[in-house]
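Source file work_38.cif; content: mmCIF, C-alpha atoms; chains and numbers go by the auth columns.
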data_protein
loop_
_atom_site.group_PDB
_atom_site.id
_atom_site.type_symbol
_atom_site.label_atom_id
_atom_site.label_comp_id
_atom_site.label_asym_id
_atom_site.label_seq_id
_atom_site.Cartn_x
_atom_site.Cartn_y
_atom_site.Cartn_z
_atom_site.B_iso_or_equiv
_atom_site.auth_seq_id
_atom_site.auth_asym_id
ATOM 1 C CA MET A 1 47.497 35.646 -5.310 0.00 149 A
ATOM 2 C CA ARG A 2 44.585 33.794 -3.705 0.00 150 A
ATOM 3 C CA ARG A 3 41.868 32.423 -5.922 0.00 151 A
ATOM 4 C CA ASN A 4 38.435 33.985 -5.556 0.00 152 A
ATOM 5 C CA TYR A 5 35.996 31.123 -6.026 0.00 153 A
ATOM 6 C CA LYS A 6 32.921 33.316 -5.555 0.00 154 A
ATOM 7 C CA LEU A 7 34.055 35.696 -8.282 0.00 155 A
ATOM 8 C CA GLU A 8 34.842 32.804 -10.642 0.00 156 A
ATOM 9 C CA ARG A 9 31.449 31.177 -10.095 0.00 157 A
ATOM 10 C CA LEU A 10 29.536 34.432 -10.553 0.00 158 A
ATOM 11 C CA GLN A 11 31.460 35.230 -13.745 0.00 159 A
ATOM 12 C CA LYS A 12 30.458 31.782 -15.068 0.00 160 A
ATOM 13 C CA GLY A 13 26.807 32.671 -14.451 0.00 161 A
ATOM 14 C CA GLU A 14 26.291 30.393 -11.450 0.00 162 A
ATOM 15 C CA THR A 15 23.878 30.992 -8.571 0.00 163 A
ATOM 16 C CA PHE A 16 25.062 29.352 -5.348 0.00 164 A
ATOM 17 C CA ILE A 17 24.879 29.299 -1.554 0.00 165 A
ATOM 18 C CA THR A 18 27.763 30.807 0.409 0.00 166 A
ATOM 19 C CA LYS A 19 28.624 32.282 3.805 0.00 167 A
ATOM 20 C CA GLU A 20 31.160 34.675 5.257 0.00 168 A
ATOM 21 C CA LYS A 21 32.375 35.657 8.681 0.00 169 A
ATOM 22 C CA GLY A 22 31.985 39.156 10.053 0.00 170 A
ATOM 23 C CA ASN A 23 29.428 41.335 11.786 0.00 171 A
ATOM 24 C CA SER A 24 29.235 44.365 9.500 0.00 172 A
ATOM 25 C CA MET A 25 25.862 43.318 8.064 0.00 173 A
ATOM 26 C CA VAL A 26 24.108 42.323 11.328 0.00 174 A
ATOM 27 C CA PRO A 27 21.108 42.027 11.741 0.00 175 A
ATOM 28 C CA ILE A 28 20.465 41.529 8.002 0.00 176 A
ATOM 29 C CA ILE A 29 23.082 38.790 7.603 0.00 177 A
ATOM 30 C CA TYR A 30 24.841 37.298 10.635 0.00 178 A
ATOM 31 C CA SER A 31 28.388 35.970 10.668 0.00 179 A
ATOM 32 C CA ARG A 32 28.570 32.622 8.835 0.00 180 A
ATOM 33 C CA GLN A 33 24.870 32.791 7.908 0.00 181 A
ATOM 34 C CA GLU A 34 24.226 31.183 4.538 0.00 182 A
ATOM 35 C CA HIS A 35 22.871 33.275 1.705 0.00 183 A
ATOM 36 C CA LYS A 36 22.272 32.727 -1.990 0.00 184 A
ATOM 37 C CA LEU A 37 24.300 34.769 -4.507 0.00 185 A
ATOM 38 C CA ALA A 38 23.246 35.260 -8.128 0.00 186 A
ATOM 39 C CA PRO A 39 25.202 37.018 -10.889 0.00 187 A
ATOM 40 C CA ALA A 40 24.465 40.737 -11.243 0.00 188 A
ATOM 41 C CA ASN A 41 26.059 43.932 -12.496 0.00 189 A
ATOM 42 C CA TRP A 42 25.961 47.457 -11.134 0.00 190 A
ATOM 43 C CA GLN A 43 23.326 48.672 -13.597 0.00 191 A
ATOM 44 C CA ASP A 44 20.827 46.006 -12.497 0.00 192 A
ATOM 45 C CA VAL A 45 20.968 46.503 -8.723 0.00 193 A
ATOM 46 C CA LYS A 46 19.134 49.144 -6.732 0.00 194 A
ATOM 47 C CA VAL A 47 19.716 51.052 -3.508 0.00 195 A
ATOM 48 C CA GLY A 48 19.146 48.698 -0.583 0.00 196 A
ATOM 49 C CA ASP A 49 20.291 45.551 -2.416 0.00 197 A
ATOM 50 C CA ILE A 50 23.086 43.455 -0.908 0.00 198 A
ATOM 51 C CA VAL A 51 25.801 42.815 -3.478 0.00 199 A
ATOM 52 C CA TYR A 52 29.102 40.984 -3.837 0.00 200 A
ATOM 53 C CA CYS A 53 31.531 43.566 -5.171 0.00 201 A
ATOM 54 C CA LYS A 54 35.077 44.861 -5.237 0.00 202 A
ATOM 55 C CA VAL A 55 35.895 48.308 -3.810 0.00 203 A
ATOM 56 C CA LYS A 56 39.461 49.649 -3.690 0.00 204 A
ATOM 57 C CA GLY A 57 40.941 46.156 -4.069 0.00 205 A
ATOM 58 C CA ASN A 58 38.771 44.465 -1.432 0.00 206 A
ATOM 59 C CA PHE A 59 35.764 42.193 -1.902 0.00 207 A
ATOM 60 C CA TYR A 60 32.622 42.806 0.174 0.00 208 A
ATOM 61 C CA THR A 61 29.099 41.498 0.569 0.00 209 A
ATOM 62 C CA HIS A 62 27.591 44.844 1.482 0.00 210 A
ATOM 63 C CA LEU A 63 24.690 47.189 0.814 0.00 211 A
ATOM 64 C CA VAL A 64 24.212 49.499 -2.133 0.00 212 A
ATOM 65 C CA LYS A 65 23.837 52.890 -0.399 0.00 213 A
ATOM 66 C CA ALA A 66 23.469 55.070 -3.521 0.00 214 A
ATOM 67 C CA LYS A 67 23.775 54.897 -7.317 0.00 215 A
ATOM 68 C CA ASP A 68 25.207 57.308 -9.849 0.00 216 A
ATOM 69 C CA ASP A 69 25.336 56.871 -13.643 0.00 217 A
ATOM 70 C CA ARG A 70 28.977 57.968 -13.708 0.00 218 A
ATOM 71 C CA LYS A 71 30.380 56.523 -10.451 0.00 219 A
ATOM 72 C CA GLY A 72 28.395 53.285 -10.151 0.00 220 A
ATOM 73 C CA CYS A 73 27.297 52.124 -6.693 0.00 221 A
ATOM 74 C CA LEU A 74 28.218 53.489 -3.277 0.00 222 A
ATOM 75 C CA ILE A 75 28.916 50.443 -1.112 0.00 223 A
ATOM 76 C CA GLY A 76 28.638 50.291 2.664 0.00 224 A
ATOM 77 C CA ASN A 77 27.884 48.058 5.613 0.00 225 A
ATOM 78 C CA ASN A 78 24.787 47.939 7.804 0.00 226 A
ATOM 79 C CA ARG A 79 26.443 49.928 10.593 0.00 227 A
ATOM 80 C CA GLY A 80 26.643 53.270 8.821 0.00 228 A
ATOM 81 C CA GLY A 81 30.074 52.861 7.232 0.00 229 A
ATOM 82 C CA THR A 82 30.856 53.274 3.549 0.00 230 A
ATOM 83 C CA ASN A 83 33.569 51.613 1.490 0.00 231 A
ATOM 84 C CA GLY A 84 33.439 53.769 -1.636 0.00 232 A
ATOM 85 C CA TRP A 85 32.105 53.897 -5.189 0.00 233 A
ATOM 86 C CA THR A 86 32.460 51.002 -7.614 0.00 234 A
ATOM 87 C CA ARG A 87 31.195 49.589 -10.871 0.00 235 A
ATOM 88 C CA GLN A 88 32.691 46.199 -10.012 0.00 236 A
ATOM 89 C CA VAL A 89 29.516 44.471 -8.854 0.00 237 A
ATOM 90 C CA TYR A 90 29.519 40.724 -9.561 0.00 238 A
ATOM 91 C CA GLY A 91 26.587 39.310 -7.627 0.00 239 A
ATOM 92 C CA LYS A 92 23.473 40.050 -5.635 0.00 240 A
ATOM 93 C CA VAL A 93 22.118 38.306 -2.532 0.00 241 A
ATOM 94 C CA ILE A 94 18.757 36.928 -3.608 0.00 242 A
ATOM 95 C CA GLU A 95 17.943 34.951 -0.468 0.00 243 A
ATOM 96 C CA ILE A 96 19.134 34.856 3.135 0.00 244 A
ATOM 97 C CA LEU A 97 18.860 31.354 4.573 0.00 245 A
#
Would it be possible to restate this file's structure as structure tokens?
Amino acid sequence: MRRNYKLERLQKGETFITKEKGNSMVPIIYSRQEHKLAPANWQDVKVGDIVYCKVKGNFYTHLVKAKDDRKGCLIGNNRGGTNGWTRQVYGKVIEIL
């Protein structure tokens, strides 16, 4: 299994600069655009925040579309799609560079 360096760093409490490829968050974050991730959990984020999370076995840097005390956060991209509900939120984008 591949190591997830972002997850490891967030779980250690680190805030760091990262980037990813993909166009699902355009025009908020462009492919390979750097952004700063800080540790966070699902209770602390709000609708509209961009989070680093795991949904159905996949990791995403996507938007929080809705919140529910029982289900956690509904995660989706900036193009109208949704990935599903999760409580596995590890980080929050605090700055887009």
*I would like the residues chosen by the PyMOL selection byres ((chain A and resi 195) around 7) on the shown file; could you give them as a list in words?*
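Applied to this file, the PyMOL selection byres ((chain A and resi 195) around 7) returns Lys194, Gly196, Asp197, Val212, Lys213, Ala214 and Lys215 of chain A.
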*I need the residue set behind the PyMOL selection byres ((chain A and resi 183) around 7) for this file; please write it as a PyMOL selection string.*
chain A and resi 165-167+181-182+184-185+241+243-245
*asked:* Starting from the PyMOL selection byres ((chain A and resi 217-231) around 12), expand the selection into actual residues of this file and give them as an MDAnalysis selection string.
replied: chainID A and resid 170:178 189:216 232:238
*By how many Å are atom CA of Ala188 of chain A and atom CA of Leu155 of chain A apart?*
11.2 Å
*Between atom CA of Gly239 of chain A and atom CA of Leu158 of chain A, measure the distance and give it in Å to one decimal.*
6.4 Å
*For atom CA of Gln159 of chain A and atom CA of Arg180 of chain A, determine how far apart the two atoms are, in Å to one decimal place.*
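We find that atom CA of Gln159 of chain A and atom CA of Arg180 of chain A lie 22.9 Å from each other.
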